[in-house]
$ cat upload-v1.tsv   # TSV, C-alpha atoms
chain	number	residue	atom	x	y	z
H	321	MET	CA	-16.07	32.04	-34.97
H	322	GLN	CA	-15.95	35.73	-35.83
H	323	ASN	CA	-19.32	36.23	-34.10
H	324	GLU	CA	-17.98	35.28	-30.68
H	325	THR	CA	-17.04	38.14	-28.35
H	326	HIS	CA	-15.54	38.46	-24.91
H	327	ASP	CA	-19.07	39.02	-23.63
H	328	THR	CA	-20.10	35.71	-25.20
H	329	LEU	CA	-17.36	33.90	-23.28
H	330	LEU	CA	-18.53	35.52	-20.04
H	331	GLU	CA	-22.10	34.44	-20.82
H	332	TRP	CA	-20.87	30.89	-21.45
H	333	GLN	CA	-18.99	30.89	-18.15
H	334	SER	CA	-22.03	32.19	-16.30
H	335	ALA	CA	-24.31	29.59	-17.88
H	336	GLN	CA	-21.81	26.86	-17.01
H	337	HIS	CA	-21.59	28.07	-13.41
H	338	SER	CA	-25.38	27.89	-13.07
H	339	HIS	CA	-25.44	24.45	-14.68
H	340	ASP	CA	-22.67	23.16	-12.41
H	341	GLN	CA	-24.35	24.45	-9.26
H	342	ARG	CA	-27.63	22.79	-10.20
H	343	ASN	CA	-26.46	19.55	-11.80
H	344	HIS	CA	-23.02	18.78	-10.44
H	345	SER	CA	-23.28	19.61	-6.75
H	346	ASP	CA	-21.07	16.61	-6.00
H	347	ILE	CA	-18.23	18.39	-7.79
H	348	ALA	CA	-19.22	21.98	-6.96
H	349	CYS	CA	-18.98	21.23	-3.23
H	350	LEU	CA	-15.40	19.95	-3.53
H	351	HIS	CA	-12.46	22.12	-2.54
H	352	LYS	CA	-11.21	24.11	-5.52
H	353	THR	CA	-8.00	22.11	-5.81
H	354	ASP	CA	-9.97	18.86	-5.87
H	355	ARG	CA	-12.25	20.32	-8.57
H	356	LEU	CA	-9.20	21.21	-10.65
H	357	LYS	CA	-7.89	17.66	-10.36
H	358	HIS	CA	-11.32	16.39	-11.41
H	359	TYR	CA	-11.25	18.62	-14.51
H	360	GLY	CA	-7.71	17.47	-15.29
H	361	LEU	CA	-8.98	13.88	-15.35
H	362	HIS	CA	-11.76	14.93	-17.72
H	363	PHE	CA	-9.24	16.50	-20.09
H	364	ALA	CA	-7.16	13.30	-20.04
H	365	LYS	CA	-10.31	11.29	-20.78
H	366	TYR	CA	-11.06	13.47	-23.81
H	367	VAL	CA	-7.54	13.10	-25.18
H	368	GLY	CA	-7.99	9.34	-24.83
H	369	ARG	CA	-11.28	9.46	-26.74
H	370	LEU	CA	-9.64	11.32	-29.59
H	371	ALA	CA	-6.62	8.99	-29.59
H	372	ARG	CA	-8.93	6.00	-30.04
H	373	GLY	CA	-10.52	7.67	-33.05
H	374	GLU	CA	-13.40	5.78	-34.61
H	375	ALA	CA	-12.90	2.94	-32.13
H	376	ASP	CA	-14.42	5.17	-29.45
H	377	PRO	CA	-18.22	5.24	-29.51
H	378	ILE	CA	-18.37	8.91	-28.51
H	379	SER	CA	-18.20	11.30	-31.43
H	380	VAL	CA	-15.50	13.89	-32.00
H	381	GLU	CA	-18.19	16.58	-31.92
H	382	ARG	CA	-19.43	15.52	-28.48
H	383	THR	CA	-15.85	15.37	-27.22
H	384	ILE	CA	-15.30	18.94	-28.43
H	385	VAL	CA	-18.44	20.08	-26.61
H	386	ASP	CA	-17.52	18.20	-23.43
H	387	THR	CA	-14.05	19.74	-23.55
H	388	ALA	CA	-15.54	23.22	-23.94
H	389	LEU	CA	-17.88	22.74	-20.98
H	390	VAL	CA	-15.14	21.45	-18.68
H	391	CYS	CA	-12.87	24.27	-19.81
H	392	LEU	CA	-15.54	26.76	-18.74
H	393	SER	CA	-15.95	24.99	-15.38
H	394	ALA	CA	-12.20	25.01	-14.84
H	395	ALA	CA	-12.05	28.72	-15.69
H	396	ASN	CA	-14.75	29.43	-13.13
H	397	THR	CA	-12.86	27.49	-10.48
H	398	LEU	CA	-9.65	29.34	-11.38
H	399	HIS	CA	-11.40	32.75	-11.34
H	400	GLN	CA	-10.19	33.03	-14.93
H	401	LYS	CA	-11.58	35.39	-17.54
H	402	LEU	CA	-11.04	33.47	-20.74
H	403	ASP	CA	-9.91	35.23	-23.92
H	404	LEU	CA	-10.86	34.61	-27.51
H	405	PRO	CA	-7.99	33.01	-29.37
H	406	GLY	CA	-6.21	35.22	-31.85
H	407	ASP	CA	-5.94	34.09	-35.46
H	408	ASN	CA	-2.32	33.11	-34.84
H	409	LEU	CA	-3.45	30.71	-32.08
H	410	LEU	CA	-5.97	28.85	-34.21
H	411	HIS	CA	-4.76	25.64	-35.78
H	412	LYS	CA	-5.92	26.22	-39.34
H	413	ASP	CA	-5.11	22.69	-40.49
H	414	LEU	CA	-6.84	20.99	-37.57
H	415	LYS	CA	-8.41	17.69	-38.57
H	416	ASN	CA	-10.51	15.34	-36.46
H	417	ASP	CA	-7.38	13.41	-35.46
H	418	ASN	CA	-5.12	16.40	-34.70
H	419	PHE	CA	-5.42	16.48	-30.96
H	420	LYS	CA	-1.75	17.10	-30.14
H	421	PRO	CA	-2.41	20.72	-29.07
H	422	LEU	CA	-5.13	19.44	-26.73
H	423	ALA	CA	-2.90	16.65	-25.41
H	424	ASP	CA	-0.13	19.18	-24.76
H	425	ALA	CA	-2.44	21.59	-22.93
H	426	ALA	CA	-4.16	18.79	-20.98
H	427	GLY	CA	-0.77	17.47	-19.93
H	428	ARG	CA	0.26	20.90	-18.68
H	429	PHE	CA	-3.06	21.20	-16.83
H	430	ALA	CA	-2.34	17.83	-15.17
H	431	ASP	CA	1.16	19.07	-14.32
H	432	ALA	CA	-0.40	22.09	-12.60
H	433	CYS	CA	-2.76	19.81	-10.67
H	434	GLU	CA	0.16	17.62	-9.58
H	435	LYS	CA	1.96	20.72	-8.27
H	436	ILE	CA	-0.92	21.31	-5.85
H	437	ASP	CA	0.11	18.30	-3.77
H	438	HIS	CA	3.69	19.59	-3.57
H	439	MET	CA	2.52	23.07	-2.58
H	440	GLU	CA	4.21	24.52	-5.65
H	441	LYS	CA	2.94	27.38	-7.80
H	442	PHE	CA	0.21	26.03	-10.05
H	443	VAL	CA	-2.45	28.66	-10.72
H	444	GLU	CA	-0.81	30.44	-13.66
H	445	MET	CA	0.15	27.13	-15.27
H	446	ALA	CA	-3.44	25.91	-14.88
H	447	ARG	CA	-4.85	29.14	-16.32
H	448	THR	CA	-2.45	29.16	-19.28
H	449	SER	CA	-3.12	25.54	-20.15
H	450	ASN	CA	-6.88	26.03	-19.73
H	451	GLN	CA	-6.74	28.97	-22.16
H	452	ASP	CA	-4.78	26.77	-24.57
H	453	ILE	CA	-7.48	24.11	-24.26
H	454	LEU	CA	-10.06	26.76	-25.19
H	455	ASN	CA	-7.90	27.75	-28.17
H	456	TRP	CA	-7.95	24.11	-29.32
H	457	VAL	CA	-11.73	24.00	-28.81
H	458	PHE	CA	-12.22	27.03	-31.08
H	459	SER	CA	-9.99	25.45	-33.73
H	460	ALA	CA	-11.89	22.16	-33.48
H	461	ILE	CA	-15.23	23.99	-33.69
H	462	ALA	CA	-14.15	25.65	-36.93
H	463	ALA	CA	-12.64	22.48	-38.42
H	464	ASN	CA	-15.78	20.49	-37.67
H	465	GLU	CA	-18.22	23.30	-38.54
H	466	LEU	CA	-19.91	22.86	-35.17
H	467	ASP	CA	-22.65	25.15	-33.85
H	468	ILE	CA	-21.13	25.26	-30.38
H	469	GLU	CA	-23.86	27.30	-28.69
H	470	ALA	CA	-26.59	24.88	-29.74
H	471	ALA	CA	-24.37	21.89	-28.98
H	472	MET	CA	-23.53	23.14	-25.47
H	473	LYS	CA	-27.20	23.79	-24.75
H	474	THR	CA	-28.14	20.29	-25.91
H	475	ARG	CA	-25.33	18.67	-23.91
H	476	ARG	CA	-26.21	20.58	-20.74
H	477	SER	CA	-29.81	19.42	-21.15
H	478	GLU	CA	-28.66	15.79	-21.50
H	479	LEU	CA	-26.53	16.11	-18.38
H	480	ALA	CA	-29.36	17.76	-16.44
H	481	ASP	CA	-31.71	14.92	-17.38
H	482	ARG	CA	-29.35	12.48	-15.65
H	483	GLN	CA	-29.87	14.27	-12.33
H	484	PHE	CA	-32.88	13.96	-10.09
H	485	TYR	CA	-33.75	16.86	-7.85
H	486	ILE	CA	-37.01	17.96	-6.33
H	487	LEU	CA	-37.23	21.69	-6.91
H	488	ASP	CA	-39.38	24.05	-4.89
$ encode --input "upload-v1.tsv" --output "structure tokens"
Amino acid sequence: MQNETHDTLLEWQSAQHSHDQRNHSDIACLHKTDRLKHYGLHFAKYVGRLARGEADPISVERTIVDTALVCLSAANTLHQKLDLPGDNLLHKDLKNDNFKPLADAAGRFADACEKIDHMEKFVEMARTSNQDILNWVFSAIAANELDIEAAMKTRRSELADRQFYILD
């Protein structure tokens, strides 16, 4: 993960924004707070996948990629410039079944989304938990020796193939 830079993260966010505008207009047209709630549900879904382990038909690697993509989408909605995790934030002993840091961050993201309905402060909590989700993603990428750039490109292509649009 030493090759990743802040510019890389910005490129990933930009690519995700373009993908979302083209392939997820049903979500992109929602109010920002509704989009955040949607992303919170995605994070909960991914924690559930990991909790089921091998009983879930979707691989750990795909769950990591899906989590990364939604994290980028959430950052764009939050007007958040993501940061690379420092070495002290990486979970060096992360195994395929160590999803507690993700569960914690996803729970805090859900807490932020719940605060929206009560008109309480939520943006900083959402940003902090989203950054923590990204930190988990980077740890999981390293633990699973995943080529995240290639995997994100492949996953975006799969998602785009599910959509039907007539382009000019």
$ atom_distance --input "upload-v1.tsv" --atom1 "atom CA of Ala462 of chain H" --atom2 "atom CA of Ile384 of chain H"
10.9 Å
$ residues_around --input "upload-v1.tsv" --residues "Trp456 of chain H" --least-positions-apart "3" --cutoff "10 Å" --atoms "all atoms listed in the file" --output "list of chain:residue names"
H:Ile384, H:Thr387, H:Ala388, H:Pro405, H:Leu409, H:Leu410, H:His411, H:Leu414, H:Asn418, H:Phe419, H:Lys420, H:Pro421, H:Leu422, H:Ala423, H:Ala425, H:Asn450, H:Gln451, H:Asp452, H:Ile453, H:Ser459, H:Ala460, H:Ile461, H:Ala462
$ closest_atom_pairs --input "upload-v1.tsv" --of "segment 386-477 of chain H" --to "segment 347-368 of chain H" --cutoff "6 Å" --atoms "all atoms listed in the file" --output "tab-separated table"
residue	atom	partner	partner_atom	distance
H:Ala423	CA	H:Val367	CA	5.8
H:Ala426	CA	H:Phe363	CA	5.6
H:Ala430	CA	H:Gly360	CA	5.4
H:Cys433	CA	H:Lys357	CA	5.6
$ closest_residue --input "upload-v1.tsv" --among "H:Leu479, H:Leu398, H:Cys391, H:Ala335" --to "Arg447 of chain H" --atoms "all atoms listed in the file"
H:Leu398
$ residues_around --input "upload-v1.tsv" --residues "Val380 of chain H" --least-positions-apart "5" --cutoff "10 Å" --atoms "only C-alpha atoms" --output "VMD selection string"
chain H and resid 366 369 to 370 373 to 374 385 to 386 416 to 417 460 464
$ residues_around --input "upload-v1.tsv" --residues "Gln483 of chain H" --least-positions-apart "3" --cutoff "9 Å" --atoms "all atoms listed in the file" --output "ChimeraX atom specification"
/H:343-344,479-480
$ residues_around --input "upload-v1.tsv" --residues "segment 330-333 of chain H" --least-positions-apart "2" --cutoff "10 Å" --atoms "only C-alpha atoms" --output "JSON, numbers by chain"
{"H": [325, 326, 327, 328, 335, 336, 337, 338, 339, 388, 389, 391, 392, 393, 394, 395, 396, 400, 401, 402, 403, 469, 472]}
$ decode --input "upload-v1.tsv" --residues "segment 426-444 of chain H" --atoms "N, CA and C atoms" --output "PDB file, in the first residue's frame"
ATOM      1  N   ALA H 426     -18.841   0.974  10.940  1.00  0.00           N
ATOM      2  CA  ALA H 426     -20.154   0.942  10.288  1.00  0.00           C
ATOM      3  C   ALA H 426     -21.261   1.286  11.283  1.00  0.00           C
ATOM      4  N   GLY H 427     -21.118   0.818  12.504  1.00  0.00           N
ATOM      5  CA  GLY H 427     -22.094   1.160  13.538  1.00  0.00           C
ATOM      6  C   GLY H 427     -22.108   2.643  13.848  1.00  0.00           C
ATOM      7  N   ARG H 428     -20.926   3.247  13.882  1.00  0.00           N
ATOM      8  CA  ARG H 428     -20.853   4.695  14.119  1.00  0.00           C
ATOM      9  C   ARG H 428     -21.395   5.473  12.928  1.00  0.00           C
ATOM     10  N   PHE H 429     -21.180   4.943  11.711  1.00  0.00           N
ATOM     11  CA  PHE H 429     -21.760   5.586  10.531  1.00  0.00           C
ATOM     12  C   PHE H 429     -23.288   5.525  10.618  1.00  0.00           C
ATOM     13  N   ALA H 430     -23.827   4.387  11.020  1.00  0.00           N
ATOM     14  CA  ALA H 430     -25.278   4.243  11.189  1.00  0.00           C
ATOM     15  C   ALA H 430     -25.787   5.189  12.277  1.00  0.00           C
ATOM     16  N   ASP H 431     -25.025   5.345  13.346  1.00  0.00           N
ATOM     17  CA  ASP H 431     -25.386   6.272  14.408  1.00  0.00           C
ATOM     18  C   ASP H 431     -25.481   7.693  13.851  1.00  0.00           C
ATOM     19  N   ALA H 432     -24.529   8.065  13.021  1.00  0.00           N
ATOM     20  CA  ALA H 432     -24.561   9.397  12.396  1.00  0.00           C
ATOM     21  C   ALA H 432     -25.810   9.541  11.531  1.00  0.00           C
ATOM     22  N   CYS H 433     -26.127   8.496  10.762  1.00  0.00           N
ATOM     23  CA  CYS H 433     -27.317   8.551   9.902  1.00  0.00           C
ATOM     24  C   CYS H 433     -28.594   8.671  10.727  1.00  0.00           C
ATOM     25  N   GLU H 434     -28.636   7.997  11.863  1.00  0.00           N
ATOM     26  CA  GLU H 434     -29.812   8.071  12.742  1.00  0.00           C
ATOM     27  C   GLU H 434     -29.962   9.479  13.319  1.00  0.00           C
ATOM     28  N   LYS H 435     -28.851  10.163  13.555  1.00  0.00           N
ATOM     29  CA  LYS H 435     -28.893  11.524  14.093  1.00  0.00           C
ATOM     30  C   LYS H 435     -29.520  12.512  13.113  1.00  0.00           C
ATOM     31  N   ILE H 436     -29.479  12.188  11.830  1.00  0.00           N
ATOM     32  CA  ILE H 436     -30.081  13.061  10.817  1.00  0.00           C
ATOM     33  C   ILE H 436     -31.549  13.288  11.129  1.00  0.00           C
ATOM     34  N   ASP H 437     -32.259  12.207  11.442  1.00  0.00           N
ATOM     35  CA  ASP H 437     -33.701  12.304  11.692  1.00  0.00           C
ATOM     36  C   ASP H 437     -34.025  13.123  12.935  1.00  0.00           C
ATOM     37  N   HIS H 438     -33.084  13.196  13.865  1.00  0.00           N
ATOM     38  CA  HIS H 438     -33.293  13.965  15.096  1.00  0.00           C
ATOM     39  C   HIS H 438     -32.720  15.378  14.999  1.00  0.00           C
ATOM     40  N   MET H 439     -32.235  15.724  13.794  1.00  0.00           N
ATOM     41  CA  MET H 439     -31.642  17.029  13.554  1.00  0.00           C
ATOM     42  C   MET H 439     -30.501  17.318  14.525  1.00  0.00           C
ATOM     43  N   GLU H 440     -29.709  16.278  14.789  1.00  0.00           N
ATOM     44  CA  GLU H 440     -28.530  16.407  15.628  1.00  0.00           C
ATOM     45  C   GLU H 440     -27.294  16.482  14.737  1.00  0.00           C
ATOM     46  N   LYS H 441     -26.190  16.909  15.299  1.00  0.00           N
ATOM     47  CA  LYS H 441     -24.941  16.968  14.543  1.00  0.00           C
ATOM     48  C   LYS H 441     -24.561  15.558  14.106  1.00  0.00           C
ATOM     49  N   PHE H 442     -24.243  15.416  12.817  1.00  0.00           N
ATOM     50  CA  PHE H 442     -23.923  14.084  12.310  1.00  0.00           C
ATOM     51  C   PHE H 442     -22.749  14.073  11.331  1.00  0.00           C
ATOM     52  N   VAL H 443     -22.434  15.198  10.725  1.00  0.00           N
ATOM     53  CA  VAL H 443     -21.469  15.207   9.630  1.00  0.00           C
ATOM     54  C   VAL H 443     -20.088  14.748  10.087  1.00  0.00           C
ATOM     55  N   GLU H 444     -19.574  15.291  11.169  1.00  0.00           N
ATOM     56  CA  GLU H 444     -18.230  14.906  11.620  1.00  0.00           C
ATOM     57  C   GLU H 444     -18.190  13.442  12.017  1.00  0.00           C
TER      58      GLU H 444
END
